$ cat entry01.cif   # mmCIF, C-alpha atoms
data_final
loop_
_atom_site.group_PDB
_atom_site.id
_atom_site.type_symbol
_atom_site.label_atom_id
_atom_site.label_comp_id
_atom_site.auth_asym_id
_atom_site.auth_seq_id
_atom_site.Cartn_x
_atom_site.Cartn_y
_atom_site.Cartn_z
ATOM 1 C CA MET A 1374 -41.721 -27.600 -31.952
ATOM 2 C CA LYS A 1375 -40.872 -28.250 -28.302
ATOM 3 C CA SER A 1376 -37.860 -30.379 -29.260
ATOM 4 C CA ILE A 1377 -36.608 -27.651 -31.607
ATOM 5 C CA VAL A 1378 -36.779 -25.143 -28.743
ATOM 6 C CA ILE A 1379 -34.919 -27.562 -26.441
ATOM 7 C CA ILE A 1380 -32.228 -28.226 -29.087
ATOM 8 C CA PHE A 1381 -31.897 -24.464 -29.629
ATOM 9 C CA ALA A 1382 -31.649 -23.839 -25.870
ATOM 10 C CA ILE A 1383 -28.993 -26.546 -25.505
ATOM 11 C CA GLY A 1384 -27.116 -24.972 -28.415
ATOM 12 C CA VAL A 1385 -27.188 -21.520 -26.786
ATOM 13 C CA LEU A 1386 -26.123 -22.929 -23.409
ATOM 14 C CA THR A 1387 -23.292 -24.946 -24.965
ATOM 15 C CA SER A 1388 -22.123 -21.870 -26.863
ATOM 16 C CA LEU A 1389 -22.166 -19.799 -23.649
ATOM 17 C CA MET A 1390 -20.245 -22.497 -21.757
ATOM 18 C CA VAL A 1391 -17.619 -22.835 -24.513
ATOM 19 C CA HIS A 1392 -17.312 -19.039 -24.596
ATOM 20 C CA ALA A 1393 -16.865 -18.921 -20.801
ATOM 21 C CA ASP A 1394 -14.240 -21.672 -20.997
ATOM 22 C CA THR A 1395 -12.388 -19.784 -23.741
ATOM 23 C CA ASN A 1396 -12.369 -16.569 -21.692
ATOM 24 C CA ASN A 1397 -11.249 -18.464 -18.614
ATOM 25 C CA ALA A 1398 -8.408 -20.125 -20.535
ATOM 26 C CA GLU A 1399 -7.361 -16.775 -22.035
ATOM 27 C CA ILE A 1400 -7.229 -15.176 -18.588
ATOM 28 C CA GLN A 1401 -5.175 -18.072 -17.242
ATOM 29 C CA GLY A 1402 -2.882 -17.476 -20.212
ATOM 30 C CA VAL A 1403 -2.447 -13.804 -19.244
ATOM 31 C CA ILE A 1404 -1.550 -14.804 -15.672
ATOM 32 C CA SER A 1405 0.949 -17.358 -17.007
ATOM 33 C CA LYS A 1406 2.554 -14.724 -19.268
ATOM 34 C CA TYR A 1407 2.634 -12.312 -16.321
ATOM 35 C CA GLU A 1408 4.477 -14.923 -14.237
ATOM 36 C CA SER A 1409 7.013 -15.399 -17.066
ATOM 37 C CA ALA A 1410 7.531 -11.647 -17.507
ATOM 38 C CA LEU A 1411 8.047 -11.167 -13.747
ATOM 39 C CA ASN A 1412 10.557 -14.029 -13.562
ATOM 40 C CA ALA A 1413 12.391 -12.592 -16.584
ATOM 41 C CA SER A 1414 12.396 -9.059 -15.036
ATOM 42 C CA ASN A 1415 10.944 -7.899 -18.364
ATOM 43 C CA ALA A 1416 8.947 -4.692 -17.832
ATOM 44 C CA ASP A 1417 8.130 -4.360 -21.550
ATOM 45 C CA ASN A 1418 6.493 -7.796 -21.582
ATOM 46 C CA VAL A 1419 4.653 -6.955 -18.345
ATOM 47 C CA LEU A 1420 3.292 -3.782 -19.957
ATOM 48 C CA LYS A 1421 1.981 -5.759 -22.959
ATOM 49 C CA LEU A 1422 -0.352 -7.548 -20.529
ATOM 50 C CA TYR A 1423 -1.784 -4.331 -19.063
ATOM 51 C CA GLY A 1424 -4.669 -2.418 -20.645
ATOM 52 C CA ASN A 1425 -5.188 1.196 -21.687
ATOM 53 C CA ASN A 1426 -5.674 2.740 -18.263
ATOM 54 C CA PRO A 1427 -4.273 0.331 -15.678
ATOM 55 C CA THR A 1428 -3.642 0.544 -11.956
ATOM 56 C CA PHE A 1429 -0.754 -1.340 -10.346
ATOM 57 C CA MET A 1430 -0.432 -1.233 -6.584
ATOM 58 C CA PRO A 1431 3.098 -2.139 -5.489
ATOM 59 C CA GLN A 1432 3.718 -2.564 -1.776
ATOM 60 C CA HIS A 1433 5.152 0.425 0.126
ATOM 61 C CA ALA A 1434 4.057 2.928 -2.553
ATOM 62 C CA PRO A 1435 0.950 4.799 -3.687
ATOM 63 C CA ALA A 1436 -1.245 3.216 -6.382
ATOM 64 C CA GLN A 1437 0.328 3.695 -9.804
ATOM 65 C CA VAL A 1438 -2.275 4.794 -12.355
ATOM 66 C CA GLY A 1439 -1.697 4.849 -16.130
ATOM 67 C CA ARG A 1440 0.740 2.961 -18.331
ATOM 68 C CA THR A 1441 3.691 5.327 -17.794
ATOM 69 C CA ALA A 1442 3.473 5.118 -14.002
ATOM 70 C CA VAL A 1443 2.936 1.339 -14.106
ATOM 71 C CA LYS A 1444 5.999 0.878 -16.368
ATOM 72 C CA GLN A 1445 8.141 3.006 -14.029
ATOM 73 C CA ALA A 1446 6.978 0.997 -11.018
ATOM 74 C CA TYR A 1447 7.952 -2.322 -12.644
ATOM 75 C CA ASP A 1448 11.333 -0.848 -13.662
ATOM 76 C CA ASN A 1449 11.836 0.030 -9.983
ATOM 77 C CA VAL A 1450 10.856 -3.510 -8.909
ATOM 78 C CA PHE A 1451 13.203 -5.162 -11.412
ATOM 79 C CA ASN A 1452 16.056 -2.826 -10.416
ATOM 80 C CA THR A 1453 15.631 -4.015 -6.814
ATOM 81 C CA ILE A 1454 14.766 -7.734 -6.917
ATOM 82 C CA LYS A 1455 14.946 -10.824 -9.147
ATOM 83 C CA LEU A 1456 11.821 -12.944 -8.771
ATOM 84 C CA ASP A 1457 11.519 -16.707 -9.185
ATOM 85 C CA ILE A 1458 7.869 -17.402 -8.400
ATOM 86 C CA LYS A 1459 4.923 -19.493 -9.499
ATOM 87 C CA PHE A 1460 1.269 -18.396 -9.515
ATOM 88 C CA SER A 1461 -1.606 -20.611 -8.373
ATOM 89 C CA ILE A 1462 -5.039 -19.589 -9.641
ATOM 90 C CA HIS A 1463 -7.858 -20.073 -7.121
ATOM 91 C CA GLU A 1464 -10.804 -18.343 -8.795
ATOM 92 C CA VAL A 1465 -11.573 -16.728 -12.138
ATOM 93 C CA GLU A 1466 -14.949 -15.143 -12.835
ATOM 94 C CA VAL A 1467 -15.863 -13.664 -16.224
ATOM 95 C CA LEU A 1468 -18.635 -11.010 -16.360
ATOM 96 C CA GLY A 1469 -18.985 -9.907 -19.986
ATOM 97 C CA ASP A 1470 -15.884 -7.882 -20.878
ATOM 98 C CA THR A 1471 -14.704 -7.716 -17.254
ATOM 99 C CA ALA A 1472 -13.260 -10.511 -15.155
ATOM 100 C CA TRP A 1473 -11.554 -10.948 -11.825
ATOM 101 C CA ALA A 1474 -9.160 -13.557 -10.499
ATOM 102 C CA ARG A 1475 -7.746 -14.475 -7.119
ATOM 103 C CA THR A 1476 -4.300 -16.028 -7.095
ATOM 104 C CA ASN A 1477 -1.348 -16.549 -4.844
ATOM 105 C CA SER A 1478 2.299 -16.735 -5.773
ATOM 106 C CA ALA A 1479 5.165 -18.519 -4.076
ATOM 107 C CA GLY A 1480 8.892 -18.874 -4.638
ATOM 108 C CA LYS A 1481 12.094 -16.994 -4.009
ATOM 109 C CA THR A 1482 13.352 -13.431 -4.447
ATOM 110 C CA ARG A 1483 16.953 -12.363 -4.825
ATOM 111 C CA ILE A 1484 17.562 -8.906 -3.299
ATOM 112 C CA LEU A 1485 19.952 -7.458 -5.881
ATOM 113 C CA ALA A 1486 21.636 -4.923 -3.549
ATOM 114 C CA ASP A 1487 23.064 -7.584 -1.236
ATOM 115 C CA ASN A 1488 22.557 -10.757 -3.328
ATOM 116 C CA VAL A 1489 20.494 -12.408 -0.590
ATOM 117 C CA VAL A 1490 17.730 -14.878 -1.537
ATOM 118 C CA VAL A 1491 14.557 -14.821 0.584
ATOM 119 C CA ASN A 1492 11.186 -16.575 0.465
ATOM 120 C CA GLU A 1493 8.570 -14.736 -1.588
ATOM 121 C CA GLY A 1494 4.830 -15.285 -1.214
ATOM 122 C CA ASN A 1495 1.830 -13.099 -1.996
ATOM 123 C CA ASN A 1496 -1.914 -13.039 -2.367
ATOM 124 C CA GLU A 1497 -3.218 -11.268 -5.471
ATOM 125 C CA LEU A 1498 -6.428 -9.867 -6.925
ATOM 126 C CA PHE A 1499 -6.620 -9.040 -10.631
ATOM 127 C CA ILE A 1500 -9.371 -7.144 -12.473
ATOM 128 C CA PHE A 1501 -9.219 -7.796 -16.231
ATOM 129 C CA LYS A 1502 -10.862 -5.938 -19.144
ATOM 130 C CA LYS A 1503 -11.321 -7.252 -22.660
ATOM 131 C CA GLU A 1504 -9.908 -4.558 -24.935
ATOM 132 C CA ASN A 1505 -10.027 -5.069 -28.728
ATOM 133 C CA GLY A 1506 -10.794 -8.747 -28.149
ATOM 134 C CA GLU A 1507 -7.869 -9.381 -25.775
ATOM 135 C CA TRP A 1508 -7.959 -9.751 -21.998
ATOM 136 C CA LYS A 1509 -5.752 -7.167 -20.311
ATOM 137 C CA ILE A 1510 -4.886 -6.443 -16.695
ATOM 138 C CA HIS A 1511 -6.903 -3.414 -15.565
ATOM 139 C CA GLN A 1512 -6.264 -3.418 -11.801
ATOM 140 C CA TYR A 1513 -3.724 -5.437 -9.867
ATOM 141 C CA LEU A 1514 -2.985 -5.594 -6.159
ATOM 142 C CA PHE A 1515 -0.725 -8.005 -4.305
ATOM 143 C CA SER A 1516 0.225 -8.342 -0.678
ATOM 144 C CA THR A 1517 2.757 -10.478 1.121
ATOM 145 C CA ASN A 1518 1.506 -13.623 2.841
ATOM 146 C CA GLN A 1519 4.921 -14.279 4.411
ATOM 147 C CA PRO A 1520 5.452 -14.053 8.195
ATOM 148 C CA ARG A 1521 6.426 -10.596 9.467
ATOM 149 C CA GLN A 1522 10.233 -10.232 9.539
ATOM 150 C CA MET B 633 -44.234 4.994 -33.508
ATOM 151 C CA LYS B 634 -40.614 6.160 -33.658
ATOM 152 C CA SER B 635 -41.184 8.659 -30.837
ATOM 153 C CA ILE B 636 -42.756 5.930 -28.661
ATOM 154 C CA VAL B 637 -39.674 3.744 -29.200
ATOM 155 C CA ILE B 638 -37.388 6.666 -28.299
ATOM 156 C CA ILE B 639 -39.419 7.463 -25.162
ATOM 157 C CA PHE B 640 -39.326 3.763 -24.191
ATOM 158 C CA ALA B 641 -35.555 3.613 -24.812
ATOM 159 C CA ILE B 642 -34.985 6.753 -22.706
ATOM 160 C CA GLY B 643 -37.127 5.179 -19.970
ATOM 161 C CA VAL B 644 -35.076 1.967 -20.008
ATOM 162 C CA LEU B 645 -31.786 3.887 -20.022
ATOM 163 C CA THR B 646 -32.904 6.145 -17.166
ATOM 164 C CA SER B 647 -34.032 3.102 -15.179
ATOM 165 C CA LEU B 648 -30.644 1.419 -15.763
ATOM 166 C CA MET B 649 -28.792 4.591 -14.757
ATOM 167 C CA VAL B 650 -30.842 5.042 -11.577
ATOM 168 C CA HIS B 651 -30.302 1.356 -10.800
ATOM 169 C CA ALA B 652 -26.526 1.728 -11.317
ATOM 170 C CA ASP B 653 -26.495 4.810 -9.074
ATOM 171 C CA THR B 654 -28.412 2.923 -6.366
ATOM 172 C CA ASN B 655 -25.997 -0.011 -6.501
ATOM 173 C CA ASN B 656 -23.040 2.353 -6.460
ATOM 174 C CA ALA B 657 -24.421 4.180 -3.409
ATOM 175 C CA GLU B 658 -25.134 0.875 -1.634
ATOM 176 C CA ILE B 659 -21.568 -0.306 -2.236
ATOM 177 C CA GLN B 660 -20.189 2.995 -0.944
ATOM 178 C CA GLY B 661 -22.390 2.411 2.102
ATOM 179 C CA VAL B 662 -20.834 -1.039 2.682
ATOM 180 C CA ILE B 663 -17.324 0.464 2.507
ATOM 181 C CA SER B 664 -18.367 3.180 4.958
ATOM 182 C CA LYS B 665 -19.769 0.570 7.381
ATOM 183 C CA TYR B 666 -16.580 -1.468 6.967
ATOM 184 C CA GLU B 667 -14.505 1.591 7.898
ATOM 185 C CA SER B 668 -16.661 2.102 11.008
ATOM 186 C CA ALA B 669 -16.430 -1.557 12.043
ATOM 187 C CA LEU B 670 -12.632 -1.543 11.613
ATOM 188 C CA ASN B 671 -12.244 1.646 13.656
ATOM 189 C CA ALA B 672 -14.487 0.164 16.363
ATOM 190 C CA SER B 673 -12.508 -3.144 16.358
ATOM 191 C CA ASN B 674 -15.893 -4.853 15.944
ATOM 192 C CA ALA B 675 -15.413 -8.248 14.247
ATOM 193 C CA ASP B 676 -19.146 -9.082 14.461
ATOM 194 C CA ASN B 677 -20.050 -5.947 12.523
ATOM 195 C CA VAL B 678 -17.274 -6.672 10.016
ATOM 196 C CA LEU B 679 -18.699 -10.166 9.472
ATOM 197 C CA LYS B 680 -22.179 -8.735 8.779
ATOM 198 C CA LEU B 681 -20.666 -7.044 5.715
ATOM 199 C CA TYR B 682 -19.153 -10.252 4.319
ATOM 200 C CA GLY B 683 -21.097 -12.715 2.164
ATOM 201 C CA ASN B 684 -21.711 -16.458 2.340
ATOM 202 C CA ASN B 685 -18.326 -17.662 1.137
ATOM 203 C CA PRO B 686 -15.855 -14.815 1.549
ATOM 204 C CA THR B 687 -12.098 -14.534 1.221
ATOM 205 C CA PHE B 688 -10.121 -12.085 3.364
ATOM 206 C CA MET B 689 -6.414 -11.736 2.717
ATOM 207 C CA PRO B 690 -4.636 -10.221 5.717
ATOM 208 C CA GLN B 691 -0.981 -9.311 5.315
ATOM 209 C CA HIS B 692 1.623 -11.832 6.513
ATOM 210 C CA ALA B 693 -0.853 -14.752 6.430
ATOM 211 C CA PRO B 694 -2.441 -17.146 3.944
ATOM 212 C CA ALA B 695 -5.779 -16.200 2.366
ATOM 213 C CA GLN B 696 -8.619 -16.821 4.814
ATOM 214 C CA VAL B 697 -11.552 -18.559 3.094
ATOM 215 C CA GLY B 698 -15.017 -18.965 4.637
ATOM 216 C CA ARG B 699 -16.818 -16.982 7.338
ATOM 217 C CA THR B 700 -15.242 -18.831 10.291
ATOM 218 C CA ALA B 701 -11.684 -18.250 9.074
ATOM 219 C CA VAL B 702 -12.452 -14.609 8.189
ATOM 220 C CA LYS B 703 -13.927 -13.970 11.651
ATOM 221 C CA GLN B 704 -10.867 -15.520 13.335
ATOM 222 C CA ALA B 705 -8.548 -13.366 11.209
ATOM 223 C CA TYR B 706 -10.340 -10.141 12.211
ATOM 224 C CA ASP B 707 -10.286 -11.225 15.868
ATOM 225 C CA ASN B 708 -6.512 -11.610 15.489
ATOM 226 C CA VAL B 709 -6.225 -8.162 13.887
ATOM 227 C CA PHE B 710 -8.278 -6.476 16.611
ATOM 228 C CA ASN B 711 -6.291 -8.247 19.345
ATOM 229 C CA THR B 712 -3.124 -6.750 17.863
ATOM 230 C CA ILE B 713 -3.957 -3.225 16.654
ATOM 231 C CA LYS B 714 -6.481 -0.411 17.064
ATOM 232 C CA LEU B 715 -7.187 1.291 13.746
ATOM 233 C CA ASP B 716 -8.186 4.894 13.144
ATOM 234 C CA ILE B 717 -8.424 5.151 9.375
ATOM 235 C CA LYS B 718 -10.500 6.667 6.602
ATOM 236 C CA PHE B 719 -11.244 5.073 3.222
ATOM 237 C CA SER B 720 -11.164 6.975 -0.069
ATOM 238 C CA ILE B 721 -13.065 5.345 -2.929
ATOM 239 C CA HIS B 722 -11.405 5.711 -6.333
ATOM 240 C CA GLU B 723 -13.487 3.398 -8.537
ATOM 241 C CA VAL B 724 -16.643 1.324 -8.230
ATOM 242 C CA GLU B 725 -17.910 -0.787 -11.130
ATOM 243 C CA VAL B 726 -21.170 -2.753 -10.962
ATOM 244 C CA LEU B 727 -21.601 -5.769 -13.286
ATOM 245 C CA GLY B 728 -25.004 -7.299 -12.553
ATOM 246 C CA ASP B 729 -24.818 -8.960 -9.149
ATOM 247 C CA THR B 730 -21.036 -8.545 -8.940
ATOM 248 C CA ALA B 731 -19.061 -5.356 -8.393
ATOM 249 C CA TRP B 732 -15.516 -4.319 -7.678
ATOM 250 C CA ALA B 733 -14.045 -1.271 -6.004
ATOM 251 C CA ARG B 734 -10.587 0.207 -5.627
ATOM 252 C CA THR B 735 -9.947 2.232 -2.496
ATOM 253 C CA ASN B 736 -7.145 3.401 -0.296
ATOM 254 C CA SER B 737 -7.169 3.996 3.424
ATOM 255 C CA ALA B 738 -5.092 6.339 5.543
ATOM 256 C CA GLY B 739 -4.790 7.144 9.211
ATOM 257 C CA LYS B 740 -3.124 5.829 12.347
ATOM 258 C CA THR B 741 -2.725 2.445 14.045
ATOM 259 C CA ARG B 742 -2.063 1.859 17.723
ATOM 260 C CA ILE B 743 0.034 -1.282 18.273
ATOM 261 C CA LEU B 744 -1.656 -2.658 21.386
ATOM 262 C CA ALA B 745 1.346 -4.665 22.663
ATOM 263 C CA ASP B 746 3.532 -1.595 23.159
ATOM 264 C CA ASN B 747 0.965 1.233 22.876
ATOM 265 C CA VAL B 748 2.848 2.866 20.002
ATOM 266 C CA VAL B 749 0.930 4.802 17.324
ATOM 267 C CA VAL B 750 2.190 4.540 13.746
ATOM 268 C CA ASN B 751 1.017 5.776 10.356
ATOM 269 C CA GLU B 752 -1.348 3.367 8.581
ATOM 270 C CA GLY B 753 -1.980 3.420 4.826
ATOM 271 C CA ASN B 754 -3.144 0.757 2.398
ATOM 272 C CA ASN B 755 -4.399 0.134 -1.103
ATOM 273 C CA GLU B 756 -7.443 -2.134 -1.340
ATOM 274 C CA LEU B 757 -9.421 -4.131 -3.897
ATOM 275 C CA PHE B 758 -12.906 -5.373 -3.036
ATOM 276 C CA ILE B 759 -15.072 -7.833 -4.988
ATOM 277 C CA PHE B 760 -18.732 -7.580 -3.939
ATOM 278 C CA LYS B 761 -21.644 -9.958 -4.563
ATOM 279 C CA LYS B 762 -25.341 -9.117 -4.245
ATOM 280 C CA GLU B 763 -26.792 -11.806 -1.983
ATOM 281 C CA ASN B 764 -30.514 -11.734 -1.161
ATOM 282 C CA GLY B 765 -30.682 -8.168 -2.456
ATOM 283 C CA GLU B 766 -27.789 -6.878 -0.346
ATOM 284 C CA TRP B 767 -24.259 -6.110 -1.440
ATOM 285 C CA LYS B 768 -21.714 -8.153 0.518
ATOM 286 C CA ILE B 769 -17.932 -8.345 0.493
ATOM 287 C CA HIS B 770 -16.912 -11.483 -1.407
ATOM 288 C CA GLN B 771 -13.145 -10.984 -1.769
ATOM 289 C CA TYR B 772 -10.958 -8.421 -0.062
ATOM 290 C CA LEU B 773 -7.248 -7.752 -0.321
ATOM 291 C CA PHE B 774 -5.269 -4.856 1.106
ATOM 292 C CA SER B 775 -1.603 -3.998 1.035
ATOM 293 C CA THR B 776 0.440 -1.337 2.763
ATOM 294 C CA ASN B 777 1.342 1.760 0.765
ATOM 295 C CA GLN B 778 3.585 3.061 3.563
ATOM 296 C CA PRO B 779 7.370 3.342 3.128
ATOM 297 C CA ARG B 780 9.314 0.218 4.094
ATOM 298 C CA GLN B 781 10.388 0.406 7.764
#
$ encode --input "entry01.cif" --output "structure tokens"
Amino acid sequence: MKSIVIIFAIGVLTSLMVHADTNNAEIQGVISKYESALNASNADNVLKLYGNNPTFMPQHAPAQVGRTAVKQAYDNVFNTIKLDIKFSIHEVEVLGDTAWARTNSAGKTRILADNVVVNEGNNELFIFKKENGEWKIHQYLFSTNQPRQ
Amino acid sequence: MKSIVIIFAIGVLTSLMVHADTNNAEIQGVISKYESALNASNADNVLKLYGNNPTFMPQHAPAQVGRTAVKQAYDNVFNTIKLDIKFSIHEVEVLGDTAWARTNSAGKTRILADNVVVNEGNNELFIFKKENGEWKIHQYLFSTNQPRQ
């Protein structure tokens, strides 16, 4: 009887660990798709990664709440700069249908108005929500880690 | 029997709701104490609000990981500026012993080097962890929402 309980417990633990790994991998996949959409200046693809009621906090602007505002904010970004960046994921924690991740990104940005390329680097915090079985960005804040100009 | 189950279920739900409210109030209290410590330029009091293995992401610098690095970063901030800001809390979500909050802050900053006062405004994301029964800041990122200079 004891061995059955132990086998059952190991089974439950293994299932939980596999589940956590799957969620973690899915969230890393969302961040990877977000990186691709940013580098492609593709606001539609960015929006596919956001959830039903998202908040995006661009620098130098109020928090943008809701899909329409978030879409407009990314359109503004992509009308101003062309990004060429790579994300590094430092921490992902899954808590049921919510998760958070800390990342940083590094690369270059082309300022479209004057065609100048500058270093780009940011720290980021993401809050994700699982909606209809898919991880979506719920809250997203980034901030430059580059030296003050 | 059915009524006993319903009464028990209501009891459990009420207990969970009260518990959530308590956590929510405690987290609001941490943010309030953080505001006070910032406005007092008190790095020791700031550090009391951070957990065992925190990350603080100041602007224009790499992410600061660990209590020693976080303390040094706040010392640098308080050697440079004197804040006079107020936080507004937009969302707090508690998930067991983890929570997140979205806030913004607004007010004034005195640049100590030249004694100039400028507008200060940021968006913030906090990740909290309950450590030994107390909510502590685990991850913290802010980013200016003020127009580009």
$ atom_distance --input "entry01.cif" --atom1 "CA of Leu757 in chain B" --atom2 "CA of Ser1409 in chain A"
23.9 Å
$ resolve_selection --input "entry01.cif" --expression "the PyMOL selection byres ((chain A) within 6 of (chain B))" --output "PDB file with C-alpha atoms, in the coordinates of the input"
ATOM      1  CA  GLN A1432       3.718  -2.564  -1.776  1.00  0.00           C
ATOM      2  CA  HIS A1433       5.152   0.425   0.126  1.00  0.00           C
ATOM      3  CA  ALA A1434       4.057   2.928  -2.553  1.00  0.00           C
ATOM      4  CA  PRO A1435       0.950   4.799  -3.687  1.00  0.00           C
ATOM      5  CA  SER A1516       0.225  -8.342  -0.678  1.00  0.00           C
ATOM      6  CA  THR A1517       2.757 -10.478   1.121  1.00  0.00           C
ATOM      7  CA  ASN A1518       1.506 -13.623   2.841  1.00  0.00           C
ATOM      8  CA  GLN A1519       4.921 -14.279   4.411  1.00  0.00           C
ATOM      9  CA  PRO A1520       5.452 -14.053   8.195  1.00  0.00           C
ATOM     10  CA  ARG A1521       6.426 -10.596   9.467  1.00  0.00           C
TER      11      ARG A1521
END
$ closest_residue --input "entry01.cif" --among "A:Gln1445, A:Thr1453, A:Ser1461, A:Asn1425" --to "Glu1408 in chain A" --atoms "all atoms listed in the file"
A:Ser1461
$ closest_residue --input "entry01.cif" --among "B:Ala675, B:Ile659, B:Ile636, B:Ala738" --to "Val726 in chain B" --atoms "only C-alpha atoms"
B:Ile659
$ atom_distance --input "entry01.cif" --atom1 "CA of Asp676 in chain B" --atom2 "CA of Gln696 in chain B"
16.2 Å
$ closest_residue --input "entry01.cif" --among "B:Val678, B:Ile663, B:Glu763, B:Asn656" --to "Tyr706 in chain B" --atoms "only C-alpha atoms"
B:Val678
$ closest_residue --input "entry01.cif" --among "A:Phe1460, A:Phe1501, A:Phe1451, A:Trp1508" --to "Asn1415 in chain A" --atoms "all atoms listed in the file"
A:Phe1451
$ residues_around --input "entry01.cif" --residues "Thr741 in chain B" --least-positions-apart "4" --cutoff "7 Å" --atoms "all atoms listed in the file" --output "JSON, numbers by chain"
{"B": [713, 714, 715, 716, 749, 750, 751, 752]}
$ atom_distance --input "entry01.cif" --atom1 "CA of Gly1480 in chain A" --atom2 "CA of Pro1427 in chain A"
25.8 Å
$ closest_residue --input "entry01.cif" --among "A:Leu1485, A:Ala1442, A:Leu1422, A:Ala1413" --to "Glu1399 in chain A" --atoms "all atoms listed in the file"
A:Leu1422
$ closest_residue --input "entry01.cif" --among "B:Asn685, B:Ser635, B:Asn677, B:Ser737" --to "Lys665 in chain B" --atoms "all atoms listed in the file"
B:Asn677
